[in-house]
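In what follows, a structure is listed as C-alpha cells, so that the remarks can point back to it.
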Amino acid sequence: MRSYQAFVDEADDLDFAVEQLAKQIETFDLSENTGGIMYCGSEVDSSALCKKLWDRFHLPFIGTTCLGQFTSRGYAEASICLNLFTGEDICFSGGLSGDLTSENMLDELKEAYKVLKKGMKLPEVTIILYIPWFPGVIYDDILDALSEVSDGVPIFGGICSDEWGFDNCHAMCSMGSFTNRAAMLLVGGNFKPKFMTIHSINWSSKNSVTVTKASGTTVYEIDDMPAYDYLTERGLVFPHENVFSDCLASPMIFKYKDISGVECMIVRNLFTINKEEGSVTFAGRVLEGSKMNMALTSRITIKKTIEDAFDKLNAKMQEDSDYKHTGVLVSSCTGRYCLMVVEKNAECASLQGAVDKGYIVAGGYLNGEFCPVKDEATGKYITLLNNETFTLMGF
C-alpha cells in the first residue's frame, strides 16, 4: 500500500485551500483502490470543504474535526490534512451512518457497518471510526456492538472534538460533515496494522479497591462507600459539579475481565460529581466489580513516556518482513493536550522518526480514543475506549 498526505495550514479561503491540495494530489500515484482520512480544525467550514473536495477529486474519504492535528510537518491547528491510501491489493468502503440519537445509535451503527461491508471486494481487516460527541452516550457499548457484528475486527479512531464547545464536533465523509452522524472506513486486503496504547501514568495507588456499585459511566460505591466520599477522603477536591478540567492530572485506572475472560485495563477521567447522590461519573463506562487505582500524570511524564513511542511501534512493524508499512495514525486525548499546552508539539515531535523513515503521520486530539489490544492467548483483538491516552496505528 502507498500512503500520501496533502496539507494546507490556511483554511480561511476554501477555494484557495483546495487548489493547494490539488497541486499536491496531482503528484500522487493513485490506483482505483483509494481511500482517505481527513483531519481539520473545527473552525474550518467542513461541510463546504467536503463538497468542494468531492466535486474536484471524486475521492472517497472520511474524517473528523479535532482540537489539534498531527501531521508529517508537525503539530498544526485550524489546518486541513488529507491522507490518501492506495494500492492494487487493498480495498476500502467508507461512508456515514444515519442520523444518530441515544436511542438508535447501536442499531444505526451496526446497519452502517453492514452496508459498507457489502461494498468490500476483500475481507475487512480494520475499521476506522469517528463519532461526534453525544452527551450521556456510552461509547464502550458502541465498540462492543461493532465488534460483535464484525466478528471482532479491530477498531481505531475516536470521538470527534472541537474548541471545547462540544457542539461543533463533526464526523465527515465525501457526502458531507455532520454533528449527528458517524464516519466509518473499512479497510481490507493486504493491510497489516500494528497498534499501541500509551497511558503515561507516573504514580498509581499501591492497593486496588473494588467498584461495588456502578451503572454505565456512573460509579455509586467504591468498596461499599459512596464514591464521592471515598475520593474526597483521599484528597481529591471538587470545586463544582463539572470536574473534567480540574482532574486531568488525576485519572483513574480500572482493570476488569471482559466477557471472554480477558483482563483489560483502561484509564478514565472524572467528568462530573453528584454530592447529594454520592456518585461520580467518568468519561467512559466503568463496570461493576472493576478494580480501581487512583493515578497521577503530568506534562513531564507524558513527554518521557512518548520519547520512544515510535521506536516501539516500528519494532512491531518490522515483524512483517513481507509487508511495507507506510504510515502512522494517531488518536490522542484532548486532556493530554491541556496538560501539554505549553509544549503542544511534543507528542507530534515524538513521531519524527516515522517521518524520517518516509512514513506519513496523521491524526488529532480527540475526546476519547479507540484502540485495539491483542489477547496473546487467542490472537484476537479487543477494542477499548480510553481517556488521557496516546494511541497509534502503524500500517
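Going through the C-alpha cells in order, the chains are called A, B, and so on, while each chain numbers its residues from 1 and the ligands are numbered from 1 in the order shown.
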Counting only C-alpha atoms, what is within 6 Å of Ser205 of chain A, bar same-chain residues fewer than 2 positions away, as number ranges by chain?
-> A: 207, 293-294
Going by DSSP on the backbone, which bits of segment 159-307 of chain A are helix (DSSP H, G or I)? Write them as a ChimeraX atom specification, please.
-> /A:227-233,299-306
Give me, as a Markdown table, the closest atom pair and its distance (Å, one decimal) for every residue of segment 55-115 of chain A within a cut-off of 12 Å of segment 1-22 of chain A, counting only C-alpha atoms, rows sorted by chain and rising number.
| residue | atom | partner | partner_atom | distance |
| --- | --- | --- | --- | --- |
| A:Asp55 | CA | A:Val18 | CA | 10.6 |
| A:Arg56 | CA | A:Val18 | CA | 8.3 |
| A:Phe57 | CA | A:Ala22 | CA | 8.2 |
| A:His58 | CA | A:Ala22 | CA | 12.0 |
| A:Leu59 | CA | A:Ala22 | CA | 11.7 |
| A:Gly68 | CA | A:Asp9 | CA | 11.8 |
| A:Gln69 | CA | A:Asp9 | CA | 10.5 |
| A:Phe70 | CA | A:Phe7 | CA | 11.0 |
| A:Thr71 | CA | A:Phe7 | CA | 8.1 |
| A:Ser72 | CA | A:Gln5 | CA | 7.9 |
| A:Arg73 | CA | A:Phe7 | CA | 8.7 |
| A:Gly74 | CA | A:Phe7 | CA | 11.0 |
| A:Tyr75 | CA | A:Asp9 | CA | 10.5 |
| A:Ala76 | CA | A:Asp9 | CA | 7.3 |
| A:Glu77 | CA | A:Asp9 | CA | 7.6 |
| A:Ala78 | CA | A:Ala11 | CA | 6.9 |
| A:Ser79 | CA | A:Asp9 | CA | 4.3 |
| A:Ile80 | CA | A:Val8 | CA | 5.4 |
| A:Cys81 | CA | A:Phe7 | CA | 4.6 |
| A:Leu82 | CA | A:Ala6 | CA | 5.2 |
| A:Asn83 | CA | A:Gln5 | CA | 4.4 |
| A:Leu84 | CA | A:Tyr4 | CA | 5.2 |
| A:Phe85 | CA | A:Ser3 | CA | 4.6 |
| A:Thr86 | CA | A:Arg2 | CA | 5.3 |
| A:Gly87 | CA | A:Met1 | CA | 4.7 |
| A:Glu88 | CA | A:Met1 | CA | 7.6 |
| A:Asp89 | CA | A:Met1 | CA | 7.6 |
| A:Ile90 | CA | A:Met1 | CA | 7.1 |
| A:Cys91 | CA | A:Met1 | CA | 10.1 |
| A:Phe92 | CA | A:Met1 | CA | 11.9 |
File of the preceding selection, N, CA and C atoms, as a short mmCIF file (atom, residue, chain, number, x, y, z; two decimals), in the first residue's frame:
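This went into part-v2.cif:
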data_model
loop_
_atom_site.label_atom_id
_atom_site.label_comp_id
_atom_site.auth_asym_id
_atom_site.auth_seq_id
_atom_site.Cartn_x
_atom_site.Cartn_y
_atom_site.Cartn_z
N ASP A 55 -16.37 17.33 -5.36
CA ASP A 55 -16.60 17.86 -6.70
C ASP A 55 -15.30 17.91 -7.51
N ARG A 56 -14.19 18.18 -6.84
CA ARG A 56 -12.92 18.33 -7.54
C ARG A 56 -12.24 16.99 -7.81
N PHE A 57 -12.26 16.08 -6.85
CA PHE A 57 -11.42 14.87 -6.97
C PHE A 57 -12.21 13.56 -7.06
N HIS A 58 -13.43 13.54 -6.58
CA HIS A 58 -14.22 12.29 -6.52
C HIS A 58 -13.44 11.19 -5.80
N LEU A 59 -12.76 11.57 -4.74
CA LEU A 59 -12.02 10.60 -3.93
C LEU A 59 -12.81 10.29 -2.67
N GLY A 68 -6.53 19.73 17.71
CA GLY A 68 -5.23 19.96 17.10
C GLY A 68 -4.89 18.77 16.23
N GLN A 69 -4.07 18.97 15.21
CA GLN A 69 -3.78 17.92 14.25
C GLN A 69 -2.32 17.47 14.32
N PHE A 70 -2.13 16.16 14.16
CA PHE A 70 -0.81 15.57 13.95
C PHE A 70 -0.60 15.48 12.45
N THR A 71 0.51 15.97 11.96
CA THR A 71 0.81 15.89 10.53
C THR A 71 2.28 15.54 10.35
N SER A 72 2.64 15.18 9.12
CA SER A 72 4.04 14.87 8.83
C SER A 72 4.92 16.11 8.96
N ARG A 73 4.32 17.28 8.93
CA ARG A 73 5.07 18.53 9.06
C ARG A 73 5.14 19.01 10.51
N GLY A 74 4.49 18.29 11.41
CA GLY A 74 4.48 18.69 12.80
C GLY A 74 3.07 18.98 13.27
N TYR A 75 2.97 19.52 14.48
CA TYR A 75 1.68 19.85 15.06
C TYR A 75 1.05 21.03 14.32
N ALA A 76 -0.28 20.99 14.14
CA ALA A 76 -0.96 22.06 13.43
C ALA A 76 -2.34 22.30 14.04
N GLU A 77 -2.86 23.49 13.83
CA GLU A 77 -4.21 23.84 14.26
C GLU A 77 -4.92 24.54 13.11
N ALA A 78 -6.24 24.39 13.05
CA ALA A 78 -7.06 25.06 12.03
C ALA A 78 -6.55 24.78 10.62
N SER A 79 -5.96 23.64 10.43
CA SER A 79 -5.40 23.26 9.13
C SER A 79 -6.28 22.19 8.49
N ILE A 80 -5.89 21.79 7.28
CA ILE A 80 -6.55 20.68 6.58
C ILE A 80 -5.48 19.66 6.23
N CYS A 81 -5.67 18.43 6.69
CA CYS A 81 -4.71 17.37 6.43
C CYS A 81 -5.46 16.18 5.82
N LEU A 82 -5.28 16.00 4.52
CA LEU A 82 -5.97 14.92 3.80
C LEU A 82 -4.97 13.83 3.47
N ASN A 83 -5.25 12.62 3.95
CA ASN A 83 -4.34 11.49 3.80
C ASN A 83 -5.00 10.44 2.92
N LEU A 84 -4.28 10.01 1.89
CA LEU A 84 -4.81 9.08 0.91
C LEU A 84 -4.01 7.79 0.89
N PHE A 85 -4.72 6.67 0.85
CA PHE A 85 -4.12 5.34 0.88
C PHE A 85 -4.56 4.60 -0.37
N THR A 86 -3.64 3.93 -1.02
CA THR A 86 -3.95 3.35 -2.32
C THR A 86 -3.10 2.12 -2.59
N GLY A 87 -3.59 1.22 -3.43
CA GLY A 87 -2.83 0.03 -3.78
C GLY A 87 -3.66 -0.91 -4.61
N GLU A 88 -2.99 -1.85 -5.21
CA GLU A 88 -3.67 -2.81 -6.07
C GLU A 88 -4.24 -4.00 -5.30
N ASP A 89 -3.73 -4.25 -4.09
CA ASP A 89 -4.17 -5.41 -3.32
C ASP A 89 -4.86 -5.00 -2.02
N ILE A 90 -5.54 -3.87 -2.06
CA ILE A 90 -6.23 -3.35 -0.89
C ILE A 90 -7.56 -2.77 -1.33
N CYS A 91 -8.52 -2.70 -0.42
CA CYS A 91 -9.80 -2.10 -0.79
C CYS A 91 -10.37 -1.32 0.39
N PHE A 92 -11.28 -0.40 0.07
CA PHE A 92 -11.87 0.48 1.07
C PHE A 92 -13.37 0.59 0.83
#
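Of the listed residues A:Gly327, A:Gly289, A:Gly157, A:Gly95, the one whose atoms come nearest to Thr212 of chain A is A:Gly289, with distances taken using only C-alpha atoms.
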Tell me, as an NGL selection string, which residues lie within 12 Å of Glu376 of chain A, counting only C-alpha atoms; anything in the same chain fewer than 6 positions away does not count.
-> :A and (262-263 or 382)
Using only C-alpha atoms, which of A:Asp144, A:Glu241, A:Asp224, A:Asp308 sits nearest Asn274 of chain A?
-> A:Glu241
Please measure the separation of atom CA of Thr378 of chain A and atom CA of Lys257 of chain A, giving the value in Å to one decimal.
->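 Rounded to one decimal, the two atoms are 14.7 Å apart.
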Proximity of segment 296-372 of chain A to segment 161-167 of chain A: per-residue shortest pair, 10 Å limit, only C-alpha atoms, as CSV:
residue,atom,partner,partner_atom,distance
A:Cys333,CA,A:Ser161,CA,9.6
A:Thr334,CA,A:Ser161,CA,7.9
A:Gly364,CA,A:Ser161,CA,8.8
A:Tyr365,CA,A:Ser161,CA,7.3
A:Leu366,CA,A:Ser161,CA,5.1
A:Asn367,CA,A:Ser161,CA,5.6
A:Gly368,CA,A:Ser161,CA,8.8
Dump as a PDB file, in the first residue's frame, selection limited to C-alpha atoms:
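Output (again_24.pdb):
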ATOM      1  CA  CYS A 333      -6.660  12.774  24.246  1.00  0.00           C
ATOM      2  CA  THR A 334      -7.758  16.394  24.494  1.00  0.00           C
ATOM      3  CA  GLY A 364      -5.723  14.502  16.058  1.00  0.00           C
ATOM      4  CA  TYR A 365      -6.549  15.302  19.652  1.00  0.00           C
ATOM      5  CA  LEU A 366      -9.935  13.688  20.337  1.00  0.00           C
ATOM      6  CA  ASN A 367     -12.472  13.407  23.162  1.00  0.00           C
ATOM      7  CA  GLY A 368     -11.832   9.679  23.580  1.00  0.00           C
TER       8      GLY A 368
END
So that each row is one residue of segment 79-150 of chain A with an atom at most 8 Å from segment 182-193 of chain A, can you give its shortest atom pair and the distance in Å to one decimal, using only C-alpha atoms, rows by chain and rising number, as JSON lines?
{"residue": "A:Asp89", "atom": "CA", "partner": "A:Asn190", "partner_atom": "CA", "distance": 5.8}
{"residue": "A:Ile90", "atom": "CA", "partner": "A:Gly189", "partner_atom": "CA", "distance": 4.4}
{"residue": "A:Cys91", "atom": "CA", "partner": "A:Gly188", "partner_atom": "CA", "distance": 5.2}
{"residue": "A:Phe92", "atom": "CA", "partner": "A:Val187", "partner_atom": "CA", "distance": 4.8}
{"residue": "A:Ser93", "atom": "CA", "partner": "A:Leu186", "partner_atom": "CA", "distance": 5.1}
{"residue": "A:Gly94", "atom": "CA", "partner": "A:Leu185", "partner_atom": "CA", "distance": 4.1}
{"residue": "A:Gly95", "atom": "CA", "partner": "A:Met184", "partner_atom": "CA", "distance": 5.7}
{"residue": "A:Leu96", "atom": "CA", "partner": "A:Ala183", "partner_atom": "CA", "distance": 4.6}
{"residue": "A:Ser97", "atom": "CA", "partner": "A:Ala182", "partner_atom": "CA", "distance": 5.3}
{"residue": "A:Gly98", "atom": "CA", "partner": "A:Ala182", "partner_atom": "CA", "distance": 7.8}
{"residue": "A:Leu100", "atom": "CA", "partner": "A:Ala182", "partner_atom": "CA", "distance": 7.9}
{"residue": "A:Leu109", "atom": "CA", "partner": "A:Ala182", "partner_atom": "CA", "distance": 7.7}
{"residue": "A:Tyr113", "atom": "CA", "partner": "A:Met184", "partner_atom": "CA", "distance": 7.7}
{"residue": "A:Leu116", "atom": "CA", "partner": "A:Leu186", "partner_atom": "CA", "distance": 7.2}
{"residue": "A:Lys117", "atom": "CA", "partner": "A:Leu186", "partner_atom": "CA", "distance": 7.4}
{"residue": "A:Met120", "atom": "CA", "partner": "A:Gly188", "partner_atom": "CA", "distance": 7.3}
{"residue": "A:Lys121", "atom": "CA", "partner": "A:Gly188", "partner_atom": "CA", "distance": 7.9}
{"residue": "A:Leu122", "atom": "CA", "partner": "A:Gly189", "partner_atom": "CA", "distance": 5.4}
{"residue": "A:Pro123", "atom": "CA", "partner": "A:Gly188", "partner_atom": "CA", "distance": 5.3}
{"residue": "A:Glu124", "atom": "CA", "partner": "A:Gly188", "partner_atom": "CA", "distance": 3.9}
{"residue": "A:Val125", "atom": "CA", "partner": "A:Gly188", "partner_atom": "CA", "distance": 4.9}
{"residue": "A:Thr126", "atom": "CA", "partner": "A:Val187", "partner_atom": "CA", "distance": 5.3}
{"residue": "A:Ile127", "atom": "CA", "partner": "A:Leu186", "partner_atom": "CA", "distance": 4.7}
{"residue": "A:Ile128", "atom": "CA", "partner": "A:Leu185", "partner_atom": "CA", "distance": 5.0}
{"residue": "A:Leu129", "atom": "CA", "partner": "A:Met184", "partner_atom": "CA", "distance": 4.7}
{"residue": "A:Tyr130", "atom": "CA", "partner": "A:Ala183", "partner_atom": "CA", "distance": 5.3}
{"residue": "A:Ile131", "atom": "CA", "partner": "A:Ala182", "partner_atom": "CA", "distance": 4.5}
{"residue": "A:Pro132", "atom": "CA", "partner": "A:Ala182", "partner_atom": "CA", "distance": 6.5}
Would you work out the distance separating atom CA of Asp246 of chain A from atom CA of Gly136 of chain A, expressed in Å to one decimal?
->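 These atoms are spaced 19.7 Å apart.
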Which is closest to Val209 of chain A among A:Lys291, A:Ala145, A:Gly152, A:Ala171, if we use only C-alpha atoms?
->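 Among the listed residues, A:Lys291 lies closest to Val209 of chain A.
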What is the distance between atom CA of Gly63 of chain A and atom CA of Phe395 of chain A, in Å to one decimal?
->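 We find that atom CA of Gly63 of chain A and atom CA of Phe395 of chain A lie 17.4 Å from each other.
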Residues within 10 Å of Gly284 of chain A, please, as a PDB file with C-alpha atoms, in the first residue's frame. Count only C-alpha atoms; anything in the same chain fewer than 2 positions from it doesn't count.
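Here's the written file out_39.pdb:
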ATOM      1  CA  GLY A 136     -24.663  10.686  28.008  1.00  0.00           C
ATOM      2  CA  VAL A 137     -23.777   8.137  25.317  1.00  0.00           C
ATOM      3  CA  ILE A 138     -21.755   5.108  26.437  1.00  0.00           C
ATOM      4  CA  TYR A 139     -19.224   4.774  23.627  1.00  0.00           C
ATOM      5  CA  ASP A 140     -17.917   1.477  25.020  1.00  0.00           C
ATOM      6  CA  ASP A 141     -21.287  -0.067  24.134  1.00  0.00           C
ATOM      7  CA  GLY A 216     -22.881   2.868  32.690  1.00  0.00           C
ATOM      8  CA  THR A 217     -20.444   5.722  33.280  1.00  0.00           C
ATOM      9  CA  THR A 218     -21.612   6.372  36.852  1.00  0.00           C
ATOM     10  CA  ILE A 266      -8.470   1.277  30.880  1.00  0.00           C
ATOM     11  CA  VAL A 267      -7.837   4.841  32.018  1.00  0.00           C
ATOM     12  CA  ARG A 268     -10.757   7.105  32.871  1.00  0.00           C
ATOM     13  CA  ASN A 269     -11.061  10.830  33.542  1.00  0.00           C
ATOM     14  CA  LEU A 270     -13.537  12.043  36.110  1.00  0.00           C
ATOM     15  CA  PHE A 271     -16.320  14.006  34.430  1.00  0.00           C
ATOM     16  CA  THR A 281     -19.313   9.902  36.518  1.00  0.00           C
ATOM     17  CA  PHE A 282     -16.419   9.161  34.208  1.00  0.00           C
ATOM     18  CA  VAL A 286     -16.948   1.621  34.381  1.00  0.00           C
ATOM     19  CA  LEU A 287     -18.041  -1.927  35.102  1.00  0.00           C
ATOM     20  CA  GLY A 368     -11.832   9.679  23.580  1.00  0.00           C
ATOM     21  CA  LEU A 385     -12.121   3.259  24.785  1.00  0.00           C
ATOM     22  CA  ASN A 386      -9.551   5.142  26.825  1.00  0.00           C
ATOM     23  CA  ASN A 387      -9.199   8.649  28.208  1.00  0.00           C
TER      24      ASN A 387
END
In segment 133-242 of chain A, what's strand (DSSP E) per DSSP? Answer as a VMD selection string?
-> chain A and resid 155 to 159 171 to 173 176 to 178 183 to 189 194 to 198 203 to 204 209 to 215 218 to 222 225 to 226
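Of the residues under consideration (A:Ala227, A:Met252, A:Leu49, A:Ala377), A:Met252 shows the shortest atom-to-atom contact distance to His199 of chain A when counting only C-alpha atoms.
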